[in-house]
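Source file: upload_17.pdb; contents: PDB, C-alpha atoms and all ligand atoms.
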MODEL        1
ATOM      1  CA  MET J  20     -38.190 -17.563 -17.351
ATOM      2  CA  THR J  21     -38.708 -15.264 -14.390
ATOM      3  CA  LYS J  22     -40.870 -12.256 -15.181
ATOM      4  CA  ILE J  23     -41.624  -8.999 -13.405
ATOM      5  CA  ALA J  24     -45.388  -8.980 -12.817
ATOM      6  CA  LEU J  25     -47.636  -6.275 -11.384
ATOM      7  CA  VAL J  26     -51.138  -7.161 -10.205
ATOM      8  CA  THR J  27     -53.418  -4.257  -9.314
ATOM      9  CA  GLY J  28     -55.838  -4.647  -6.424
ATOM     10  CA  ALA J  29     -53.783  -7.589  -5.209
ATOM     11  CA  ASN J  30     -54.298  -7.251  -1.471
ATOM     12  CA  LYS J  31     -57.294  -9.609  -1.524
ATOM     13  CA  GLY J  32     -59.689 -11.664  -3.616
ATOM     14  CA  ILE J  33     -58.867 -12.730  -7.157
ATOM     15  CA  GLY J  34     -55.977 -10.262  -7.391
ATOM     16  CA  PHE J  35     -54.285 -11.733  -4.332
ATOM     17  CA  GLU J  36     -54.722 -15.276  -5.654
ATOM     18  CA  THR J  37     -53.347 -14.225  -9.041
ATOM     19  CA  ALA J  38     -50.306 -12.690  -7.346
ATOM     20  CA  ARG J  39     -49.869 -15.790  -5.178
ATOM     21  CA  LEU J  40     -49.983 -18.169  -8.142
ATOM     22  CA  LEU J  41     -47.508 -16.065 -10.132
ATOM     23  CA  ALA J  42     -45.161 -15.915  -7.126
ATOM     24  CA  GLU J  43     -45.451 -19.702  -6.732
ATOM     25  CA  ASP J  44     -44.376 -20.027 -10.357
ATOM     26  CA  GLY J  45     -41.190 -18.144  -9.464
ATOM     27  CA  HIS J  46     -42.012 -14.749 -10.935
ATOM     28  CA  THR J  47     -41.106 -11.476  -9.250
ATOM     29  CA  VAL J  48     -44.499 -10.232  -8.143
ATOM     30  CA  LEU J  49     -45.466  -6.688  -7.292
ATOM     31  CA  VAL J  50     -48.603  -6.491  -5.181
ATOM     32  CA  GLY J  51     -50.369  -3.290  -6.215
ATOM     33  CA  ALA J  52     -52.714  -2.024  -3.503
ATOM     34  CA  ARG J  53     -54.116   1.352  -2.567
ATOM     35  CA  ASP J  54     -53.849   0.751   1.176
ATOM     36  CA  GLU J  55     -50.273   0.433   2.401
ATOM     37  CA  GLN J  56     -50.971  -1.673   5.467
ATOM     38  CA  ARG J  57     -53.175  -4.214   3.694
ATOM     39  CA  GLY J  58     -50.900  -4.245   0.654
ATOM     40  CA  ARG J  59     -47.760  -4.899   2.688
ATOM     41  CA  ALA J  60     -49.469  -7.630   4.705
ATOM     42  CA  ALA J  61     -50.602  -9.379   1.503
ATOM     43  CA  ALA J  62     -47.181  -9.053  -0.148
ATOM     44  CA  GLU J  63     -45.423 -10.499   2.898
ATOM     45  CA  LYS J  64     -47.641 -13.589   2.824
ATOM     46  CA  ILE J  65     -46.454 -14.535  -0.653
ATOM     47  CA  ASN J  66     -42.921 -13.186  -0.572
ATOM     48  CA  ALA J  67     -43.772 -10.435  -3.028
ATOM     49  CA  ARG J  68     -43.099  -6.710  -3.095
ATOM     50  CA  PHE J  69     -45.743  -4.116  -2.221
ATOM     51  CA  VAL J  70     -46.292  -1.172  -4.566
ATOM     52  CA  GLN J  71     -48.716   1.533  -3.471
ATOM     53  CA  LEU J  72     -51.168   1.978  -6.337
ATOM     54  CA  ASP J  73     -54.578   3.587  -6.383
ATOM     55  CA  VAL J  74     -55.677   3.232  -9.996
ATOM     56  CA  THR J  75     -57.853   6.355  -9.750
ATOM     57  CA  ASP J  76     -55.046   8.582  -8.468
ATOM     58  CA  ALA J  77     -52.647  10.059 -11.042
ATOM     59  CA  ALA J  78     -49.955  10.837  -8.444
ATOM     60  CA  SER J  79     -50.084   7.273  -7.093
ATOM     61  CA  ILE J  80     -49.814   5.846 -10.628
ATOM     62  CA  SER J  81     -46.819   7.965 -11.541
ATOM     63  CA  ALA J  82     -45.045   7.144  -8.242
ATOM     64  CA  ALA J  83     -45.626   3.421  -8.881
ATOM     65  CA  VAL J  84     -44.250   3.686 -12.439
ATOM     66  CA  LYS J  85     -41.170   5.496 -11.119
ATOM     67  CA  GLU J  86     -40.627   2.875  -8.434
ATOM     68  CA  ILE J  87     -40.875  -0.010 -10.902
ATOM     69  CA  ASP J  88     -38.615   1.786 -13.367
ATOM     70  CA  THR J  89     -35.980   2.480 -10.716
ATOM     71  CA  SER J  90     -36.031  -1.045  -9.287
ATOM     72  CA  TRP J  91     -36.447  -3.159 -12.432
ATOM     73  CA  GLY J  92     -36.482  -0.904 -15.491
ATOM     74  CA  VAL J  93     -39.016  -3.185 -17.185
ATOM     75  CA  LEU J  94     -42.465  -4.727 -16.706
ATOM     76  CA  ASP J  95     -43.290  -8.100 -18.302
ATOM     77  CA  ILE J  96     -46.795  -8.708 -16.959
ATOM     78  CA  LEU J  97     -49.522  -6.241 -16.054
ATOM     79  CA  ILE J  98     -52.725  -7.645 -14.591
ATOM     80  CA  ASN J  99     -55.391  -4.967 -14.416
ATOM     81  CA  ASN J 100     -57.446  -6.627 -11.722
ATOM     82  CA  ALA J 101     -58.543  -3.769  -9.426
ATOM     83  CA  GLY J 102     -62.268  -3.283  -9.778
ATOM     84  CA  ILE J 103     -65.403  -2.344  -7.948
ATOM     85  CA  GLY J 104     -68.933  -3.606  -8.330
ATOM     86  CA  LEU J 105     -71.755  -1.286  -7.464
ATOM     87  CA  PHE J 106     -75.022  -2.854  -8.523
ATOM     88  CA  ASP J 107     -77.148   0.239  -8.499
ATOM     89  CA  GLY J 108     -80.622  -1.003  -9.289
ATOM     90  CA  PRO J 109     -82.496  -1.179 -12.582
ATOM     91  CA  PRO J 110     -81.374   1.111 -15.416
ATOM     92  CA  THR J 111     -84.188   3.634 -14.955
ATOM     93  CA  LYS J 112     -83.080   4.135 -11.360
ATOM     94  CA  SER J 113     -79.341   4.212 -12.054
ATOM     95  CA  SER J 114     -77.257   6.496  -9.923
ATOM     96  CA  LEU J 115     -74.951   8.692 -11.991
ATOM     97  CA  ASP J 116     -72.558   8.834  -9.043
ATOM     98  CA  ALA J 117     -72.300   5.044  -9.004
ATOM     99  CA  LEU J 118     -71.831   5.025 -12.772
ATOM    100  CA  ARG J 119     -69.022   7.603 -12.629
ATOM    101  CA  GLN J 120     -67.312   5.881  -9.704
ATOM    102  CA  THR J 121     -67.464   2.487 -11.369
ATOM    103  CA  PHE J 122     -66.077   3.733 -14.689
ATOM    104  CA  GLU J 123     -63.381   5.698 -12.826
ATOM    105  CA  THR J 124     -61.968   2.432 -11.452
ATOM    106  CA  ASN J 125     -63.016  -0.248 -13.940
ATOM    107  CA  LEU J 126     -62.201   1.617 -17.160
ATOM    108  CA  PHE J 127     -60.429   4.963 -16.684
ATOM    109  CA  GLY J 128     -58.130   3.486 -14.020
ATOM    110  CA  ILE J 129     -57.095   0.664 -16.322
ATOM    111  CA  VAL J 130     -56.404   2.984 -19.240
ATOM    112  CA  ALA J 131     -54.421   5.336 -16.981
ATOM    113  CA  VAL J 132     -52.324   2.540 -15.430
ATOM    114  CA  THR J 133     -51.727   0.741 -18.744
ATOM    115  CA  ASN J 134     -50.680   3.879 -20.582
ATOM    116  CA  ALA J 135     -48.404   5.056 -17.781
ATOM    117  CA  LEU J 136     -46.688   1.646 -17.725
ATOM    118  CA  MET J 137     -46.474   1.301 -21.509
ATOM    119  CA  PRO J 138     -42.824   2.498 -21.749
ATOM    120  CA  LEU J 139     -41.812  -0.235 -19.263
ATOM    121  CA  LEU J 140     -43.968  -2.860 -21.010
ATOM    122  CA  ARG J 141     -42.385  -1.957 -24.349
ATOM    123  CA  ARG J 142     -38.957  -2.731 -22.842
ATOM    124  CA  SER J 143     -40.041  -6.333 -22.216
ATOM    125  CA  SER J 144     -39.325  -8.882 -24.942
ATOM    126  CA  ALA J 145     -42.815 -10.409 -24.500
ATOM    127  CA  ALA J 146     -45.119  -8.245 -22.396
ATOM    128  CA  ARG J 147     -48.558  -9.551 -21.473
ATOM    129  CA  ILE J 148     -51.463  -7.397 -20.299
ATOM    130  CA  VAL J 149     -54.507  -9.056 -18.761
ATOM    131  CA  ASN J 150     -57.657  -7.062 -18.152
ATOM    132  CA  VAL J 151     -59.881  -8.699 -15.569
ATOM    133  CA  SER J 152     -63.324  -8.286 -17.086
ATOM    134  CA  SER J 153     -66.472 -10.302 -16.471
ATOM    135  CA  ASP J 154     -68.992 -12.378 -18.388
ATOM    136  CA  VAL J 155     -71.579  -9.794 -17.311
ATOM    137  CA  GLY J 156     -69.784  -7.419 -19.706
ATOM    138  CA  SER J 157     -70.748  -9.659 -22.632
ATOM    139  CA  ILE J 158     -73.646  -8.064 -24.514
ATOM    140  CA  ALA J 159     -74.189 -11.365 -26.350
ATOM    141  CA  LEU J 160     -74.607 -13.392 -23.144
ATOM    142  CA  THR J 161     -76.571 -10.859 -21.085
ATOM    143  CA  SER J 162     -79.064 -10.234 -23.914
ATOM    144  CA  ASP J 163     -79.783 -13.935 -24.450
ATOM    145  CA  PRO J 164     -83.011 -14.900 -22.598
ATOM    146  CA  ALA J 165     -81.743 -18.491 -22.423
ATOM    147  CA  ASN J 166     -78.652 -17.429 -20.474
ATOM    148  CA  PRO J 167     -78.819 -17.065 -16.653
ATOM    149  CA  LEU J 168     -77.004 -13.698 -17.020
ATOM    150  CA  TYR J 169     -80.142 -12.343 -18.713
ATOM    151  CA  GLN J 170     -81.600 -11.923 -15.193
ATOM    152  CA  LEU J 171     -79.033  -9.213 -14.486
ATOM    153  CA  ASN J 172     -80.454  -5.753 -15.086
ATOM    154  CA  GLY J 173     -78.196  -2.848 -14.148
ATOM    155  CA  VAL J 174     -75.981  -0.330 -15.876
ATOM    156  CA  SER J 175     -72.816   0.552 -13.941
ATOM    157  CA  TYR J 176     -70.871  -2.672 -13.492
ATOM    158  CA  PRO J 177     -71.910  -4.527 -16.685
ATOM    159  CA  ALA J 178     -71.379  -1.431 -18.845
ATOM    160  CA  SER J 179     -67.949  -0.805 -17.300
ATOM    161  CA  LYS J 180     -66.887  -4.344 -18.217
ATOM    162  CA  SER J 181     -68.344  -4.075 -21.761
ATOM    163  CA  ALA J 182     -66.342  -0.866 -22.142
ATOM    164  CA  LEU J 183     -63.239  -2.620 -20.835
ATOM    165  CA  ASN J 184     -63.749  -5.400 -23.393
ATOM    166  CA  MET J 185     -63.926  -2.817 -26.171
ATOM    167  CA  ALA J 186     -60.802  -1.080 -24.855
ATOM    168  CA  THR J 187     -58.954  -4.423 -24.741
ATOM    169  CA  MET J 188     -59.732  -5.128 -28.388
ATOM    170  CA  GLN J 189     -58.731  -1.589 -29.435
ATOM    171  CA  TYR J 190     -55.364  -1.841 -27.622
ATOM    172  CA  ALA J 191     -54.772  -5.216 -29.265
ATOM    173  CA  LYS J 192     -55.222  -3.654 -32.720
ATOM    174  CA  GLU J 193     -52.740  -0.868 -31.960
ATOM    175  CA  LEU J 194     -50.214  -3.307 -30.497
ATOM    176  CA  LYS J 195     -50.626  -6.120 -33.029
ATOM    177  CA  ASP J 196     -47.193  -5.633 -34.589
ATOM    178  CA  THR J 197     -45.416  -5.565 -31.224
ATOM    179  CA  PRO J 198     -44.567  -8.463 -28.877
ATOM    180  CA  ILE J 199     -47.224  -7.176 -26.448
ATOM    181  CA  LYS J 200     -50.366  -9.299 -26.055
ATOM    182  CA  ILE J 201     -53.468  -7.993 -24.332
ATOM    183  CA  ASN J 202     -56.541 -10.038 -23.465
ATOM    184  CA  ALA J 203     -59.661  -9.724 -21.334
ATOM    185  CA  VAL J 204     -60.560 -12.541 -18.946
ATOM    186  CA  SER J 205     -63.678 -13.558 -17.085
ATOM    187  CA  PRO J 206     -62.905 -15.237 -13.753
ATOM    188  CA  GLY J 207     -66.438 -16.570 -13.289
ATOM    189  CA  TYR J 208     -68.590 -16.033 -10.229
ATOM    190  CA  CYS J 209     -66.112 -16.241  -7.339
ATOM    191  CA  ALA J 210     -66.712 -15.798  -3.614
ATOM    192  CA  THR J 211     -65.026 -12.484  -2.744
ATOM    193  CA  ASP J 212     -65.837  -9.245  -0.934
ATOM    194  CA  LEU J 213     -67.120  -7.864  -4.260
ATOM    195  CA  ASN J 214     -70.251 -10.021  -4.025
ATOM    196  CA  ASN J 215     -70.368 -10.631  -0.270
ATOM    197  CA  HIS J 216     -68.901 -14.055  -0.914
ATOM    198  CA  SER J 217     -71.959 -15.281  -2.794
ATOM    199  CA  GLY J 218     -69.927 -16.672  -5.710
ATOM    200  CA  PHE J 219     -69.776 -20.426  -6.218
ATOM    201  CA  ARG J 220     -66.134 -20.516  -7.343
ATOM    202  CA  THR J 221     -63.062 -19.817  -5.252
ATOM    203  CA  ALA J 222     -60.901 -16.768  -5.859
ATOM    204  CA  GLU J 223     -58.084 -19.138  -6.802
ATOM    205  CA  GLN J 224     -60.249 -20.749  -9.498
ATOM    206  CA  GLY J 225     -61.003 -17.270 -10.818
ATOM    207  CA  ALA J 226     -57.323 -16.311 -10.803
ATOM    208  CA  ARG J 227     -56.195 -19.235 -12.961
ATOM    209  CA  ILE J 228     -57.388 -17.775 -16.263
ATOM    210  CA  ALA J 229     -55.575 -14.487 -15.504
ATOM    211  CA  VAL J 230     -52.364 -16.402 -14.815
ATOM    212  CA  LYS J 231     -52.805 -18.428 -18.009
ATOM    213  CA  MET J 232     -53.199 -15.319 -20.178
ATOM    214  CA  ALA J 233     -50.344 -13.562 -18.335
ATOM    215  CA  THR J 234     -47.933 -16.338 -19.211
ATOM    216  CA  LEU J 235     -48.913 -16.952 -22.843
ATOM    217  CA  GLY J 236     -46.205 -18.009 -25.235
ATOM    218  CA  ASP J 237     -45.365 -16.050 -28.380
ATOM    219  CA  ASP J 238     -47.913 -18.131 -30.312
ATOM    220  CA  GLY J 239     -50.727 -17.118 -27.931
ATOM    221  CA  PRO J 240     -53.682 -14.935 -28.916
ATOM    222  CA  THR J 241     -54.213 -11.225 -28.412
ATOM    223  CA  GLY J 242     -57.423  -9.209 -28.403
ATOM    224  CA  THR J 243     -59.567 -12.045 -27.039
ATOM    225  CA  PHE J 244     -62.132 -12.388 -24.257
ATOM    226  CA  VAL J 245     -61.787 -15.743 -22.507
ATOM    227  CA  ASP J 246     -62.656 -17.795 -19.468
ATOM    228  CA  ASP J 247     -61.684 -21.294 -18.318
ATOM    229  CA  THR J 248     -63.837 -22.873 -20.994
ATOM    230  CA  GLY J 249     -62.513 -20.911 -23.967
ATOM    231  CA  THR J 250     -63.453 -17.829 -25.980
ATOM    232  CA  LEU J 251     -66.467 -15.807 -24.852
ATOM    233  CA  PRO J 252     -68.668 -13.773 -27.170
ATOM    234  CA  TRP J 253     -68.222 -10.007 -26.822
TER     235      TRP J 253
HETATM  236  P1  LIG Y   1     -62.491  -7.817  -4.236
HETATM  237  O1  LIG Y   1     -62.167  -8.964  -3.349
HETATM  238  O2  LIG Y   1     -63.447  -6.770  -3.770
HETATM  239  O3  LIG Y   1     -61.104  -7.146  -4.670
HETATM  240  C1  LIG Y   1     -61.066  -5.964  -5.418
HETATM  241  C2  LIG Y   1     -59.666  -5.411  -5.333
HETATM  242  O4  LIG Y   1     -59.622  -4.208  -6.105
HETATM  243  C3  LIG Y   1     -59.270  -5.036  -3.902
HETATM  244  O5  LIG Y   1     -57.913  -5.310  -3.704
HETATM  245  C4  LIG Y   1     -59.518  -3.530  -3.875
HETATM  246  O6  LIG Y   1     -58.745  -2.829  -2.922
HETATM  247  C5  LIG Y   1     -59.042  -3.195  -5.293
HETATM  248  N1  LIG Y   1     -59.436  -1.849  -5.699
HETATM  249  C6  LIG Y   1     -60.653  -1.294  -5.815
HETATM  250  N2  LIG Y   1     -60.573  -0.017  -6.188
HETATM  251  C7  LIG Y   1     -59.234   0.250  -6.319
HETATM  252  C8  LIG Y   1     -58.483   1.383  -6.679
HETATM  253  N3  LIG Y   1     -59.070   2.551  -6.972
HETATM  254  N4  LIG Y   1     -57.132   1.285  -6.733
HETATM  255  C9  LIG Y   1     -56.517   0.115  -6.444
HETATM  256  N5  LIG Y   1     -57.167  -0.983  -6.058
HETATM  257  C10 LIG Y   1     -58.513  -0.920  -6.006
HETATM  258  O7  LIG Y   1     -63.108  -8.325  -5.614
HETATM  259  P2  LIG Y   1     -62.677  -9.486  -6.639
HETATM  260  O8  LIG Y   1     -63.891 -10.296  -6.858
HETATM  261  O9  LIG Y   1     -61.416 -10.138  -6.241
HETATM  262  O10 LIG Y   1     -62.480  -8.603  -7.957
HETATM  263  C11 LIG Y   1     -61.280  -8.584  -8.697
HETATM  264  C12 LIG Y   1     -61.635  -8.330 -10.154
HETATM  265  O11 LIG Y   1     -62.380  -9.444 -10.646
HETATM  266  C13 LIG Y   1     -62.519  -7.098 -10.381
HETATM  267  O12 LIG Y   1     -62.089  -6.422 -11.538
HETATM  268  C14 LIG Y   1     -63.885  -7.697 -10.601
HETATM  269  O13 LIG Y   1     -64.720  -6.881 -11.361
HETATM  270  C15 LIG Y   1     -63.524  -8.972 -11.320
HETATM  271  N6  LIG Y   1     -64.559 -10.011 -11.296
HETATM  272  C16 LIG Y   1     -64.933 -10.596 -10.134
HETATM  273  C17 LIG Y   1     -65.910 -11.569 -10.149
HETATM  274  C18 LIG Y   1     -66.366 -12.271  -8.908
HETATM  275  O14 LIG Y   1     -67.304 -13.082  -8.995
HETATM  276  N7  LIG Y   1     -65.769 -12.037  -7.754
HETATM  277  C19 LIG Y   1     -66.519 -11.950 -11.363
HETATM  278  C20 LIG Y   1     -66.113 -11.334 -12.522
HETATM  279  C21 LIG Y   1     -65.123 -10.367 -12.487
HETATM  280  P3  LIG Y   1     -59.319  -2.491  -1.439
HETATM  281  O15 LIG Y   1     -59.128  -3.734  -0.616
HETATM  282  O16 LIG Y   1     -58.457  -1.352  -1.011
HETATM  283  O17 LIG Y   1     -60.763  -2.124  -1.600
ENDMDL
END
Would you mind writing the file's structure down as structure tokens?
Ligand code: NAP
Amino acid sequence: MTKIALVTGANKGIGFETARLLAEDGHTVLVGARDEQRGRAAAEKINARFVQLDVTDAASISAAVKEIDTSWGVLDILINNAGIGLFDGPPTKSSLDALRQTFETNLFGIVAVTNALMPLLRRSSAARIVNVSSDVGSIALTSDPANPLYQLNGVSYPASKSALNMATMQYAKELKDTPIKINAVSPGYCATDLNNHSGFRTAEQGARIAVKMATLGDDGPTGTFVDDTGTLPW
């Protein structure tokens, strides 16, 4: 069945690939992007519709909600993909500015966008929300000396994704008696602008788990943290 799907930060990287795959599956895809020119160009490539959306800007969020409401009156899939990664050195040298900026996008932006779109998601018979998190947000994995992620030692980005994981689980509890499912996904280490293309996976490989959780059937899980291989520890 054709769904109305919004992907935030969809002008490039994993978000673009997620939007492309959903469009290929026949869904009506809204490419959320903060920059109009880049957003329109991306949307045109995949026959999708551009929606101006800066997840840190309340006016932009409310204009996007109004536009979606006027055009479709419902939202079936929300992929909270927009994110930034500022690795700001070891914890004792953390920059508070970097910390605030990162949380503004990676946590507060997602809460703001999700809550503003909730009336439209509630109108869907089976809404799915996917929060694009990261395995570096897993306290279990990053604190395990046997895991390669143990080498990572910074506050801003990992903490923003741990906080997003917690938020995902809390939303799932509130929404458990509704048709809405919400899950956090880890795309793996993908070559994108976020990491100067140092990742060993493609953006398309990273997008697949977001698409999978966005198109879950009614028997699918909610309140989980997953990647391609299965459930990840929080
Ligand atoms: P990317 O290529 O840098 O793309 C990030 C996207 O987010 C861009 O479209 C960017 O827009 C958008 N964005 C940033 N701030 C925004 C804001 N305030 N409002 C709206 N859009 C905003 O990075 P990516 O690797 O595809 O990252 C996508 C998601 O995957 C992020 O949440 C990231 O944390 C997560 N992730 C990535 C990896 C990886 O290895 N790449 C691993 C784990 C998780 P502009 O073009 O305007 O900057």
Around ligand LIG 1 (chain Y), which protein and nucleic acid residues have at least one atom no more than 7 Å from it, if we count only C-alpha atoms and all ligand atoms? List them as a tab-separated table (two decimals) with C-alpha atoms, keeping the file's coordinate frame.
chain	number	residue	atom	x	y	z
J	27	THR	CA	-53.42	-4.26	-9.31
J	28	GLY	CA	-55.84	-4.65	-6.42
J	29	ALA	CA	-53.78	-7.59	-5.21
J	30	ASN	CA	-54.30	-7.25	-1.47
J	31	LYS	CA	-57.29	-9.61	-1.52
J	32	GLY	CA	-59.69	-11.66	-3.62
J	33	ILE	CA	-58.87	-12.73	-7.16
J	34	GLY	CA	-55.98	-10.26	-7.39
J	52	ALA	CA	-52.71	-2.02	-3.50
J	53	ARG	CA	-54.12	1.35	-2.57
J	54	ASP	CA	-53.85	0.75	1.18
J	72	LEU	CA	-51.17	1.98	-6.34
J	73	ASP	CA	-54.58	3.59	-6.38
J	74	VAL	CA	-55.68	3.23	-10.00
J	75	THR	CA	-57.85	6.36	-9.75
J	100	ASN	CA	-57.45	-6.63	-11.72
J	101	ALA	CA	-58.54	-3.77	-9.43
J	102	GLY	CA	-62.27	-3.28	-9.78
J	103	ILE	CA	-65.40	-2.34	-7.95
J	104	GLY	CA	-68.93	-3.61	-8.33
J	124	THR	CA	-61.97	2.43	-11.45
J	125	ASN	CA	-63.02	-0.25	-13.94
J	151	VAL	CA	-59.88	-8.70	-15.57
J	152	SER	CA	-63.32	-8.29	-17.09
J	153	SER	CA	-66.47	-10.30	-16.47
J	154	ASP	CA	-68.99	-12.38	-18.39
J	205	SER	CA	-63.68	-13.56	-17.08
J	206	PRO	CA	-62.90	-15.24	-13.75
J	207	GLY	CA	-66.44	-16.57	-13.29
J	208	TYR	CA	-68.59	-16.03	-10.23
J	209	CYS	CA	-66.11	-16.24	-7.34
J	210	ALA	CA	-66.71	-15.80	-3.61
J	211	THR	CA	-65.03	-12.48	-2.74
J	212	ASP	CA	-65.84	-9.24	-0.93
J	213	LEU	CA	-67.12	-7.86	-4.26
J	214	ASN	CA	-70.25	-10.02	-4.03
J	218	GLY	CA	-69.93	-16.67	-5.71
J	222	ALA	CA	-60.90	-16.77	-5.86
Selection result of the PyMOL selection byres (((chain J and resi 110-123) around 7) and not hetatm) on this file, as a PyMOL selection string: chain J and resi 75+103-105+107-109+124-128+172-176+179
Any chance you could resolve the PyMOL selection byres (((chain J and resi 65) around 12) and not hetatm) against this file and give the residues as a PyMOL selection string? chain J and resi 29-31+35-50+58-64+66-69
Identify which of the residues J:Ser81, J:Thr234, J:Thr89, J:Ser144 lies closest to Asn202 in chain J, counting only C-alpha atoms when measuring atom-to-atom distances. J:Thr234
Evaluate the PyMOL selection byres (((chain J and resi 23) around 9) and not hetatm) here and jot the selected residues down as an NGL selection string. :J and (21-22 or 24-25 or 46-49 or 91 or 93-97)
Show me, as a VMD selection string, the residues that have an atom within 9 Å of Asp237 in chain J when counting all atoms listed in the file, minus same-chain residues fewer than 2 positions from it. chain J and resid 145 198 200 235 239 to 240
When distances are computed from all atoms listed in the file, which of J:Val130, J:Pro177, J:Asn184, J:Ile158 shows the smallest separation from Ala77 in chain J? J:Val130
Work out how far CA of Glu193 in chain J is from CA of Ala229 in chain J, in Å to one decimal.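 So the two atoms, CA of Ala229 in chain J and CA of Glu193 in chain J, lie 21.5 Å apart.
Proximity to Lys180 in chain J was assessed for J:Pro167, J:Ile129, J:Pro138, J:Gly51 counting all atoms listed in the file; the smallest distance is recorded for J:Ile129.
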